[in-house]
>>> print(open('start.cif').read())   # mmCIF, C-alpha atoms
data_work
#
loop_
_atom_site.label_atom_id
_atom_site.label_comp_id
_atom_site.auth_asym_id
_atom_site.auth_seq_id
_atom_site.Cartn_x
_atom_site.Cartn_y
_atom_site.Cartn_z
CA MET A 23 -2.42 103.78 39.80
CA MET A 24 -5.98 102.58 39.30
CA ASN A 25 -8.79 102.41 41.82
CA ARG A 26 -10.20 99.04 42.67
CA SER A 27 -13.35 97.89 40.90
CA ASP A 28 -15.37 94.73 41.32
CA HIS A 29 -13.95 93.21 38.15
CA ASP A 30 -10.38 94.34 38.36
CA LEU A 31 -7.52 93.66 40.69
CA SER A 32 -6.32 96.57 42.79
CA CYS A 33 -2.77 97.77 42.17
CA GLU A 34 -1.80 96.39 45.57
CA GLU A 35 -3.19 92.98 44.66
CA ALA A 36 -1.55 93.11 41.25
CA LEU A 37 1.87 94.01 42.70
CA GLY A 38 1.50 91.19 45.22
CA ILE A 39 1.29 88.58 42.46
CA LEU A 40 3.80 90.01 39.98
CA GLU A 41 6.55 87.67 41.11
CA PRO A 42 4.58 84.41 41.05
CA TYR A 43 3.45 85.54 37.58
CA LEU A 44 7.05 86.10 36.49
CA ASP A 45 8.07 82.75 37.99
CA GLY A 46 5.22 81.03 36.12
CA GLU A 47 3.66 79.91 39.41
CA LEU A 48 0.35 81.80 39.09
CA PRO A 49 -2.83 79.80 38.32
CA ALA A 50 -4.16 80.50 34.79
CA ALA A 51 -7.33 82.35 35.94
CA GLU A 52 -5.36 84.71 38.18
CA ALA A 53 -2.78 85.29 35.45
CA THR A 54 -5.59 86.36 33.10
CA ARG A 55 -6.97 88.82 35.68
CA LEU A 56 -3.47 90.23 36.19
CA ARG A 57 -2.95 90.68 32.45
CA GLY A 58 -6.29 92.49 32.30
CA HIS A 59 -5.14 94.88 35.02
CA LEU A 60 -1.78 95.46 33.38
CA GLU A 61 -3.44 96.45 30.09
CA ARG A 62 -5.22 99.28 31.87
CA CYS A 63 -2.53 100.29 34.42
CA ALA A 64 0.70 101.72 33.05
CA ALA A 65 2.32 102.00 36.50
CA CYS A 66 1.88 98.29 37.30
CA ALA A 67 2.91 97.36 33.75
CA ALA A 68 6.12 99.37 34.22
CA GLU A 69 6.70 97.61 37.53
CA LEU A 70 6.34 94.22 35.86
CA GLU A 71 8.74 95.29 33.12
CA LEU A 72 11.36 96.37 35.67
CA ALA A 73 10.89 93.18 37.71
CA GLY A 74 11.32 91.07 34.56
CA LYS A 75 14.42 92.98 33.51
CA ILE A 76 16.02 92.52 36.94
CA GLN A 77 15.19 88.83 36.96
CA ARG A 78 16.62 88.25 33.47
CA GLU A 79 19.74 90.19 34.35
CA LEU A 80 20.31 88.34 37.65
CA ARG A 81 19.78 84.99 35.95
CA SER A 82 22.31 85.86 33.25
CA LEU A 83 25.06 86.73 35.74
CA PRO A 84 27.92 84.26 35.38
CA GLN A 85 28.90 81.61 37.91
CA LEU A 86 32.40 82.74 38.78
CA ASP A 87 35.14 80.17 38.74
CA CYS A 88 37.32 79.51 41.75
CA PRO A 89 41.04 79.95 40.99
CA PRO A 90 42.76 76.52 40.97
CA GLU A 91 45.42 77.65 43.45
CA VAL A 92 42.76 77.87 46.18
CA LEU A 93 42.14 74.13 45.95
CA GLU A 94 45.88 73.53 45.71
CA ARG A 95 46.40 75.38 48.99
CA VAL A 96 43.72 73.23 50.64
CA ARG A 97 45.46 70.07 49.38
CA GLY A 98 48.70 71.50 50.80
CA SER A 99 47.05 71.91 54.17
CA GLY A 100 45.93 68.29 54.01
CA ARG A 101 49.57 67.35 53.58
CA GLY A 102 50.39 69.33 56.72
CA GLU A 103 51.80 72.43 55.06
CA VAL A 104 51.31 75.96 56.33
CA VAL A 105 48.54 77.60 54.31
CA PRO A 106 48.48 81.37 53.74
CA PHE A 107 45.14 83.04 52.99
CA PRO A 108 45.02 85.33 49.91
CA SER A 109 43.84 88.56 51.54
CA ARG A 110 46.20 88.12 54.46
CA ARG A 111 49.37 87.57 52.43
CA PHE A 112 50.69 91.07 53.02
CA ARG A 113 50.58 90.57 56.78
CA THR A 114 52.08 87.10 56.82
CA GLY A 115 55.72 88.23 56.54
CA ILE A 116 55.38 90.53 59.52
CA ARG A 117 53.62 87.87 61.56
CA ILE A 118 56.20 85.23 60.70
CA ALA A 119 58.94 87.64 61.76
CA ALA A 120 57.08 88.12 65.05
CA ALA A 121 56.77 84.37 65.43
CA ALA A 122 60.49 83.96 64.75
CA ALA A 123 61.27 86.62 67.36
CA ALA A 124 59.06 84.86 69.87
CA LEU A 125 60.74 81.56 69.09
CA ALA A 126 64.12 83.21 69.60
CA LEU A 127 62.84 84.39 72.96
CA ALA A 128 61.81 80.84 73.79
CA VAL A 129 65.24 79.53 72.88
CA GLY A 130 66.78 82.42 74.82
CA GLY A 131 64.72 81.36 77.82
CA GLY A 132 66.14 77.85 77.48
CA ALA A 133 69.65 79.22 77.20
CA LEU A 134 69.10 81.36 80.29
CA PHE A 135 67.90 78.24 82.05
CA LEU A 136 71.11 76.40 81.07
CA HIS A 137 73.24 79.39 82.00
CA ILE A 138 71.67 79.47 85.44
CA GLN A 139 72.40 75.78 85.78
CA GLN A 140 76.02 76.31 84.77
CA ALA A 141 76.49 79.25 87.11
CA SER A 142 75.30 77.28 90.05
CA ASP A 143 74.78 73.59 90.54
CA ARG A 144 71.49 74.25 92.31
CA PRO A 145 69.51 77.07 90.65
CA SER A 146 66.94 78.66 92.88
CA PRO A 147 63.31 77.56 92.33
CA GLU A 148 62.47 81.18 91.43
CA GLU A 149 65.08 81.19 88.66
CA VAL A 150 63.82 77.90 87.24
CA ALA A 151 60.21 79.09 87.42
CA GLN A 152 61.06 82.36 85.69
CA ALA A 153 62.91 80.66 82.82
CA THR A 154 60.11 78.13 82.39
CA ARG A 155 57.45 80.83 82.44
CA GLN A 156 59.34 82.85 79.85
CA ALA A 157 59.67 79.90 77.50
CA ARG A 158 56.00 78.99 77.87
CA LEU A 159 54.85 82.56 77.24
CA ALA A 160 56.96 82.74 74.12
CA LEU A 161 55.59 79.47 72.78
CA ALA A 162 52.04 80.62 73.50
CA TYR A 163 52.78 83.83 71.62
CA VAL A 164 54.03 81.86 68.64
CA GLY A 165 50.67 80.11 68.49
CA LYS A 166 48.80 83.40 68.81
CA VAL A 167 50.62 85.27 66.08
CA THR A 168 50.37 82.27 63.80
CA ARG A 169 46.61 82.27 64.20
CA ARG A 170 46.42 86.02 63.71
CA ALA A 171 48.45 85.72 60.54
CA GLY A 172 45.67 83.59 59.16
CA LEU A 173 47.93 80.58 58.87
CA ASP A 174 46.19 77.31 59.23
CA VAL A 175 48.54 75.00 61.07
CA ARG A 176 47.28 71.75 62.47
CA ASP A 177 48.20 71.02 66.10
CA ASP A 178 50.06 67.83 65.19
CA VAL A 179 52.14 69.80 62.65
CA LEU A 180 52.93 72.44 65.27
CA VAL A 181 54.01 69.71 67.71
CA LYS A 182 56.04 67.84 65.10
CA ARG A 183 57.82 70.82 63.58
CA LEU A 184 58.16 73.26 66.46
CA VAL A 185 57.61 71.86 69.91
CA ALA A 186 59.34 68.49 69.39
CA PRO A 187 62.57 69.94 67.86
CA ALA A 188 62.73 72.60 70.58
CA THR A 189 62.24 70.00 73.30
CA GLU A 190 64.83 67.74 71.74
CA SER A 191 67.29 70.59 71.47
CA VAL A 192 66.93 71.49 75.15
CA SER A 193 67.16 67.81 76.16
CA ARG A 194 70.37 67.38 74.14
CA SER A 195 71.87 70.44 75.80
CA LEU A 196 70.95 69.13 79.22
CA ASP A 197 72.36 65.68 78.38
CA GLY A 198 75.59 67.31 77.15
CA ARG A 199 75.87 69.28 80.35
CA ARG A 200 75.31 66.11 82.43
CA SER A 201 77.99 64.22 80.44
CA GLU A 202 80.40 67.12 80.94
CA LYS A 203 79.84 66.94 84.69
CA GLU A 204 80.23 63.16 84.80
CA PHE A 205 83.44 63.36 82.77
CA MET B 14 39.53 60.22 52.05
CA LEU B 15 41.41 62.20 49.41
CA THR B 16 39.18 60.91 46.60
CA ALA B 17 35.97 61.70 48.49
CA PHE B 18 37.30 65.17 49.28
CA GLU B 19 38.46 65.74 45.70
CA ASP B 20 35.08 64.70 44.29
CA SER B 21 33.16 67.02 46.58
CA ALA B 22 35.63 69.90 46.22
CA GLN B 23 35.52 69.71 42.43
CA ARG B 24 31.73 69.56 42.45
CA TYR B 25 31.06 72.41 44.86
CA ARG B 26 34.04 74.77 44.74
CA ARG B 27 32.54 76.91 41.96
CA GLN B 28 29.22 77.25 43.73
CA VAL B 29 30.93 78.12 47.03
CA TYR B 30 33.29 80.64 45.42
CA SER B 31 30.58 82.25 43.33
CA PHE B 32 28.25 82.62 46.31
CA ALA B 33 31.03 84.18 48.39
CA ARG B 34 32.06 86.44 45.54
CA TYR B 35 28.57 87.86 45.04
CA LEU B 36 28.02 88.17 48.79
CA LEU B 37 31.30 89.96 49.47
CA SER B 38 31.91 91.69 46.11
CA ASN B 39 35.59 91.10 46.66
CA ARG B 40 37.86 88.60 44.94
CA GLU B 41 40.50 88.05 47.64
CA GLU B 42 37.99 87.72 50.43
CA ALA B 43 35.96 85.26 48.35
CA GLU B 44 39.14 83.20 47.85
CA ASP B 45 39.76 83.32 51.61
CA VAL B 46 36.26 82.09 52.32
CA THR B 47 36.42 79.34 49.69
CA GLN B 48 39.71 78.14 51.11
CA GLU B 49 38.32 78.14 54.63
CA VAL B 50 35.15 76.30 53.57
CA LEU B 51 37.10 73.66 51.65
CA LEU B 52 39.41 73.18 54.64
CA ARG B 53 36.35 72.51 56.77
CA LEU B 54 35.11 70.11 54.14
CA TRP B 55 38.47 68.33 54.33
CA ARG B 56 38.16 67.97 58.10
CA HIS B 57 34.47 67.16 58.39
CA ARG B 58 33.75 65.37 55.11
CA SER B 59 33.02 62.05 56.78
CA GLY B 60 30.58 63.66 59.22
CA VAL B 61 28.26 65.17 56.59
CA ASP B 62 25.63 63.21 54.65
CA GLU B 63 26.07 63.27 50.90
CA GLU B 64 22.53 64.61 50.46
CA ARG B 65 23.11 67.48 52.87
CA LEU B 66 26.57 68.35 51.64
CA GLY B 67 25.51 71.13 49.24
CA PRO B 68 23.33 73.02 51.75
CA TRP B 69 25.95 72.44 54.48
CA LEU B 70 28.68 73.99 52.35
CA LEU B 71 26.50 76.97 51.47
CA ARG B 72 25.65 77.51 55.13
CA VAL B 73 29.31 77.37 56.12
CA THR B 74 30.09 79.77 53.28
CA ARG B 75 27.40 82.22 54.35
CA ASN B 76 28.61 82.13 57.97
CA ALA B 77 32.23 82.67 56.92
CA CYS B 78 31.13 85.63 54.79
CA TYR B 79 29.18 87.08 57.73
CA ASP B 80 32.30 86.80 59.90
CA LEU B 81 34.30 88.70 57.29
CA LEU B 82 31.63 91.37 56.90
CA ARG B 83 31.50 91.82 60.68
CA LYS B 84 35.28 92.12 60.75
CA ARG B 85 35.12 94.66 57.95
CA ARG B 86 32.71 96.75 60.01
CA SER B 87 34.77 96.46 63.19
CA ASP B 88 37.98 97.33 61.32
CA ASN B 89 36.15 100.22 59.69
CA ALA B 90 37.63 98.93 56.49
CA VAL B 91 36.07 100.38 53.38
CA ARG B 92 36.61 98.10 50.45
CA ALA B 93 35.51 99.24 47.06
CA PRO B 94 32.98 96.67 45.93
CA GLY B 95 34.04 95.00 42.76
CA ASP B 96 37.81 94.96 42.56
CA GLY B 97 37.88 93.61 39.04
CA PHE B 98 34.26 92.56 39.56
CA ASP B 99 32.80 95.03 37.08
CA ALA B 100 35.20 94.09 34.30
CA GLU B 101 34.23 90.42 34.51
CA MET B 102 30.54 91.28 34.67
CA GLN B 103 30.62 93.81 31.85
CA HIS B 104 32.41 91.35 29.63
CA ALA B 105 29.58 88.91 30.21
CA ALA B 106 26.98 91.64 29.56
CA SER B 107 28.34 92.71 26.21
CA ALA B 108 26.29 90.39 23.99
CA GLU B 109 24.10 93.20 22.56
CA PRO B 110 24.96 93.92 18.89
CA ASP B 111 24.00 97.64 18.92
CA PRO B 112 26.62 99.83 20.67
CA GLN B 113 24.03 102.03 22.35
CA ALA B 114 21.99 99.06 23.55
CA ARG B 115 25.23 97.47 24.74
CA ALA B 116 26.14 100.59 26.73
CA GLU B 117 22.67 100.72 28.27
CA ALA B 118 22.80 97.02 29.17
CA ALA B 119 26.22 97.48 30.75
CA ASP B 120 24.98 100.48 32.71
CA PHE B 121 21.93 98.60 33.96
CA ARG B 122 24.07 95.65 35.02
CA ARG B 123 26.48 97.96 36.86
CA ARG B 124 23.60 99.57 38.76
CA LEU B 125 22.03 96.21 39.51
CA LEU B 126 25.31 94.85 40.90
CA ALA B 127 25.69 97.95 43.08
CA ALA B 128 22.11 97.53 44.36
CA LEU B 129 22.74 93.83 45.03
CA ALA B 130 25.96 94.63 46.90
CA ASP B 131 24.05 97.08 49.11
CA LEU B 132 21.13 94.74 49.77
CA GLU B 133 20.77 93.78 53.43
CA GLU B 134 20.83 90.27 54.79
CA PRO B 135 19.07 87.88 54.70
CA TYR B 136 17.64 89.19 51.42
CA LYS B 137 20.98 89.29 49.64
CA SER B 138 21.78 85.61 50.32
CA VAL B 139 18.33 84.50 49.22
CA VAL B 140 18.38 86.58 46.02
CA ILE B 141 21.84 85.29 45.07
CA LEU B 142 21.01 81.66 45.77
CA ARG B 143 17.66 81.82 43.95
CA GLU B 144 18.24 84.19 41.05
CA VAL B 145 21.95 83.93 40.35
CA GLN B 146 22.57 80.33 41.37
CA GLY B 147 19.13 79.00 40.46
CA LEU B 148 18.60 76.87 43.58
CA PRO B 149 15.08 75.69 44.46
CA HIS B 150 13.40 77.31 47.47
CA ARG B 151 13.67 74.08 49.48
CA GLU B 152 17.45 73.88 49.10
CA ILE B 153 17.86 77.54 49.96
CA GLY B 154 15.84 76.93 53.13
CA GLU B 155 18.07 74.02 54.07
CA ALA B 156 21.20 76.07 53.42
CA LEU B 157 20.06 79.06 55.44
CA GLY B 158 18.27 77.08 58.13
CA VAL B 159 14.83 78.62 57.55
CA PRO B 160 11.49 77.20 56.31
CA GLU B 161 10.67 77.36 52.62
CA VAL B 162 7.91 79.89 53.23
CA THR B 163 10.43 82.24 54.86
CA VAL B 164 12.67 81.90 51.81
CA ARG B 165 9.74 83.03 49.62
CA VAL B 166 9.04 86.01 51.86
CA HIS B 167 12.69 87.06 51.90
CA LEU B 168 12.92 86.64 48.15
CA HIS B 169 9.84 88.80 47.62
CA ARG B 170 11.22 91.54 49.88
CA GLY B 171 14.67 91.34 48.35
CA ARG B 172 13.32 91.69 44.82
CA ARG B 173 11.10 94.59 45.87
CA LYS B 174 14.06 96.39 47.48
CA LEU B 175 16.11 95.92 44.32
CA ARG B 176 13.28 97.39 42.23
CA GLU B 177 12.95 100.35 44.59
CA ARG B 178 16.67 101.10 44.37
CA LEU B 179 16.88 100.72 40.63
CA ARG B 180 13.77 102.86 40.17
CA GLU B 181 15.26 105.61 42.36
CA VAL B 182 18.45 105.64 40.32
CA SER B 183 16.50 105.74 37.05
CA ARG B 184 14.63 108.91 38.08
#
>>> encode(input="start.cif", output="structure tokens")
Amino acid sequence: MMNRSDHDLSCEEALGILEPYLDGELPAAEATRLRGHLERCAACAAELELAGKIQRELRSLPQLDCPPEVLERVRGSGRGEVVPFPSRRFRTGIRIAAAAAALALAVGGGALFLHIQQASDRPSPEEVAQATRQARLALAYVGKVTRRAGLDVRDDVLVKRLVAPATESVSRSLDGRRSEKEF
Amino acid sequence: MLTAFEDSAQRYRRQVYSFARYLLSNREEAEDVTQEVLLRLWRHRSGVDEERLGPWLLRVTRNACYDLLRKRRSDNAVRAPGDGFDAEMQHAASAEPDPQARAEAADFRRRLLAALADLEEPYKSVVILREVQGLPHREIGEALGVPEVTVRVHLHRGRRKLRERLREVSR
């Protein structure tokens, strides 16, 4: 590195303006002073060469193209479909199995509720509360594992495809039981 | 709504994916992030001004990448940077006619990509957006939520760090 003189830039000053010089943003007079310094200072000249090489290399890196299936999955989500994320695919099967198990538990809770009703015309409030709590916990768990699985499911889709059918199923069972009693 | 979404998604998906890919150095995670960002675009398209859409998407992309990087750290997951990344890059770097010059160019690019992958934030984002994606300082500032002068400072520091790392390796 060179020592500063009255007519020359110091190395520190030169290094401070290398990038504006490379970017073509340095005023002409300053660019001339820098070139003068670089002719006499091999270390700063080497620094400029490395900076230029890095810049050229970075600017020649390709813009990478997004696989078309990514956009297709987003369109699918817009249509209300369940959307798996690429890096979470391997976990999705396990999570869906867990969700199915939780759903089975929810249905089981409903069945227990009906069984209690059949066993006695007036189930105790504790029994009703327990069955209800169990079903709610299971449904909450379904939501949790679905989120953990990285599945993007809109609330209205969840209501339409999971909650509504389950509610309808329980209602039908209750209606059937009522009809049986009336008959 | 579909047409507006399609127009924007077609226009920006490459920029979003490329930014995520260089930030994360991982193909699957970059696909995850792109999907997440485009889903947000689908939901919030009407709430974002056309002029601010590009910077908004880049900001959402950067935040989603940060979330993934944080998760990586908390999971202690070690992902090899560049699953298939190097092959794509080396293919692009192989324009040199002389075999030795080609090998040297490929080696330099490999080292540069490794140095870029290791660069800390916010320098990495700024270097990618400026040098790889060619965005003006003003747009980078809008995307990252910082003044233009801060973008210039971060760019200067990021470039200097890259030079230091590449110089160390060369010794």
>>> atom_distance(input="start.cif", atom1="CA of Pro90 (chain A)", atom2="CA of Arg56 (chain B)")
19.7 Å
>>> atom_distance(input="start.cif", atom1="CA of Cys88 (chain A)", atom2="CA of Asp80 (chain B)")
20.2 Å
>>> atom_distance(input="start.cif", atom1="CA of Glu134 (chain B)", atom2="CA of Leu179 (chain B)")
18.0 Å
>>> interface_residues(input="start.cif", of="chain A", to="chain B", cutoff="8 Å", atoms="all atoms listed in the file", output="number ranges by chain")
A: 41, 72-73, 76-77, 79-89, 92-93, 95-96, 99-100, 107-109
>>> axis_aligned_box(input="start.cif", around="region 39-49 of chain B", padding_each_side="4 Å", output="lines of an AutoDock Vina configuration file")
center_x = 38.0
center_y = 84.6
center_z = 49.8
size_x = 12.9
size_y = 21.0
size_z = 17.7
>>> closest_residue(input="start.cif", among="A:Arg155, A:Arg97, A:Arg62, A:Arg55", to="Glu35 (chain A)", atoms="only C-alpha atoms")
A:Arg55
>>> residues_near_point(input="start.cif", point="(22.8, 74.0, 51.6)", cutoff="12 Å", atoms="all atoms listed in the file", output="PyMOL selection string")
chain B and resi 25+28-29+32+61-76+138-139+142+148-159
>>> resolve_selection(input="start.cif", expression="the PyMOL selection byres ((chain A and resi 38) around 12)", output="VMD selection string")
(chain A and resid 31 to 37 39 to 44 48 52 56 66 69 to 70) or (chain B and resid 166 169 to 170 172 to 173)
>>> build_atoms(input="start.cif", residues="region 18-44 of chain B", atoms="N, CA and C atoms", output="PDB file, keeping the file's coordinate frame")
ATOM      1  N   PHE B  18      37.130  63.724  49.163  1.00  0.00           N
ATOM      2  CA  PHE B  18      37.300  65.170  49.280  1.00  0.00           C
ATOM      3  C   PHE B  18      37.406  65.805  47.892  1.00  0.00           C
ATOM      4  N   GLU B  19      38.251  65.196  47.040  1.00  0.00           N
ATOM      5  CA  GLU B  19      38.460  65.740  45.700  1.00  0.00           C
ATOM      6  C   GLU B  19      37.149  65.809  44.912  1.00  0.00           C
ATOM      7  N   ASP B  20      36.370  64.740  45.004  1.00  0.00           N
ATOM      8  CA  ASP B  20      35.080  64.700  44.290  1.00  0.00           C
ATOM      9  C   ASP B  20      34.195  65.851  44.731  1.00  0.00           C
ATOM     10  N   SER B  21      34.058  65.984  46.047  1.00  0.00           N
ATOM     11  CA  SER B  21      33.160  67.020  46.580  1.00  0.00           C
ATOM     12  C   SER B  21      33.713  68.413  46.281  1.00  0.00           C
ATOM     13  N   ALA B  22      35.021  68.582  46.441  1.00  0.00           N
ATOM     14  CA  ALA B  22      35.630  69.900  46.220  1.00  0.00           C
ATOM     15  C   ALA B  22      35.457  70.318  44.763  1.00  0.00           C
ATOM     16  N   GLN B  23      35.667  69.377  43.848  1.00  0.00           N
ATOM     17  CA  GLN B  23      35.520  69.710  42.430  1.00  0.00           C
ATOM     18  C   GLN B  23      34.072  70.068  42.111  1.00  0.00           C
ATOM     19  N   ARG B  24      33.150  69.361  42.757  1.00  0.00           N
ATOM     20  CA  ARG B  24      31.730  69.560  42.450  1.00  0.00           C
ATOM     21  C   ARG B  24      31.206  70.881  43.009  1.00  0.00           C
ATOM     22  N   TYR B  25      31.688  71.266  44.190  1.00  0.00           N
ATOM     23  CA  TYR B  25      31.060  72.410  44.860  1.00  0.00           C
ATOM     24  C   TYR B  25      31.906  73.684  44.902  1.00  0.00           C
ATOM     25  N   ARG B  26      33.179  73.604  44.515  1.00  0.00           N
ATOM     26  CA  ARG B  26      34.040  74.770  44.740  1.00  0.00           C
ATOM     27  C   ARG B  26      33.554  76.003  43.967  1.00  0.00           C
ATOM     28  N   ARG B  27      33.016  75.790  42.771  1.00  0.00           N
ATOM     29  CA  ARG B  27      32.540  76.910  41.960  1.00  0.00           C
ATOM     30  C   ARG B  27      31.325  77.571  42.615  1.00  0.00           C
ATOM     31  N   GLN B  28      30.424  76.723  43.094  1.00  0.00           N
ATOM     32  CA  GLN B  28      29.220  77.250  43.730  1.00  0.00           C
ATOM     33  C   GLN B  28      29.576  78.037  44.996  1.00  0.00           C
ATOM     34  N   VAL B  29      30.491  77.465  45.787  1.00  0.00           N
ATOM     35  CA  VAL B  29      30.930  78.120  47.030  1.00  0.00           C
ATOM     36  C   VAL B  29      31.598  79.455  46.714  1.00  0.00           C
ATOM     37  N   TYR B  30      32.534  79.426  45.751  1.00  0.00           N
ATOM     38  CA  TYR B  30      33.290  80.640  45.420  1.00  0.00           C
ATOM     39  C   TYR B  30      32.353  81.718  44.870  1.00  0.00           C
ATOM     40  N   SER B  31      31.481  81.301  43.968  1.00  0.00           N
ATOM     41  CA  SER B  31      30.580  82.250  43.330  1.00  0.00           C
ATOM     42  C   SER B  31      29.652  82.908  44.358  1.00  0.00           C
ATOM     43  N   PHE B  32      29.127  82.096  45.255  1.00  0.00           N
ATOM     44  CA  PHE B  32      28.250  82.620  46.310  1.00  0.00           C
ATOM     45  C   PHE B  32      29.008  83.641  47.156  1.00  0.00           C
ATOM     46  N   ALA B  33      30.216  83.270  47.568  1.00  0.00           N
ATOM     47  CA  ALA B  33      31.030  84.180  48.390  1.00  0.00           C
ATOM     48  C   ALA B  33      31.376  85.450  47.625  1.00  0.00           C
ATOM     49  N   ARG B  34      31.649  85.286  46.352  1.00  0.00           N
ATOM     50  CA  ARG B  34      32.060  86.440  45.540  1.00  0.00           C
ATOM     51  C   ARG B  34      30.917  87.452  45.399  1.00  0.00           C
ATOM     52  N   TYR B  35      29.709  86.945  45.159  1.00  0.00           N
ATOM     53  CA  TYR B  35      28.570  87.860  45.040  1.00  0.00           C
ATOM     54  C   TYR B  35      28.172  88.439  46.401  1.00  0.00           C
ATOM     55  N   LEU B  36      28.364  87.656  47.461  1.00  0.00           N
ATOM     56  CA  LEU B  36      28.020  88.170  48.790  1.00  0.00           C
ATOM     57  C   LEU B  36      28.991  89.258  49.238  1.00  0.00           C
ATOM     58  N   LEU B  37      30.278  89.051  48.951  1.00  0.00           N
ATOM     59  CA  LEU B  37      31.300  89.960  49.470  1.00  0.00           C
ATOM     60  C   LEU B  37      31.712  91.036  48.465  1.00  0.00           C
ATOM     61  N   SER B  38      31.463  90.784  47.183  1.00  0.00           N
ATOM     62  CA  SER B  38      31.910  91.690  46.110  1.00  0.00           C
ATOM     63  C   SER B  38      33.407  91.946  46.193  1.00  0.00           C
ATOM     64  N   ASN B  39      34.141  90.926  46.525  1.00  0.00           N
ATOM     65  CA  ASN B  39      35.590  91.100  46.660  1.00  0.00           C
ATOM     66  C   ASN B  39      36.289  89.781  46.353  1.00  0.00           C
ATOM     67  N   ARG B  40      37.236  89.839  45.416  1.00  0.00           N
ATOM     68  CA  ARG B  40      37.860  88.600  44.940  1.00  0.00           C
ATOM     69  C   ARG B  40      38.705  87.914  46.025  1.00  0.00           C
ATOM     70  N   GLU B  41      39.591  88.672  46.660  1.00  0.00           N
ATOM     71  CA  GLU B  41      40.500  88.050  47.640  1.00  0.00           C
ATOM     72  C   GLU B  41      39.749  87.467  48.824  1.00  0.00           C
ATOM     73  N   GLU B  42      38.769  88.212  49.290  1.00  0.00           N
ATOM     74  CA  GLU B  42      37.990  87.720  50.430  1.00  0.00           C
ATOM     75  C   GLU B  42      37.197  86.469  50.040  1.00  0.00           C
ATOM     76  N   ALA B  43      36.699  86.443  48.812  1.00  0.00           N
ATOM     77  CA  ALA B  43      35.960  85.260  48.350  1.00  0.00           C
ATOM     78  C   ALA B  43      36.907  84.049  48.274  1.00  0.00           C
ATOM     79  N   GLU B  44      38.150  84.294  47.880  1.00  0.00           N
ATOM     80  CA  GLU B  44      39.140  83.200  47.850  1.00  0.00           C
ATOM     81  C   GLU B  44      39.423  82.721  49.270  1.00  0.00           C
TER      82      GLU B  44
END
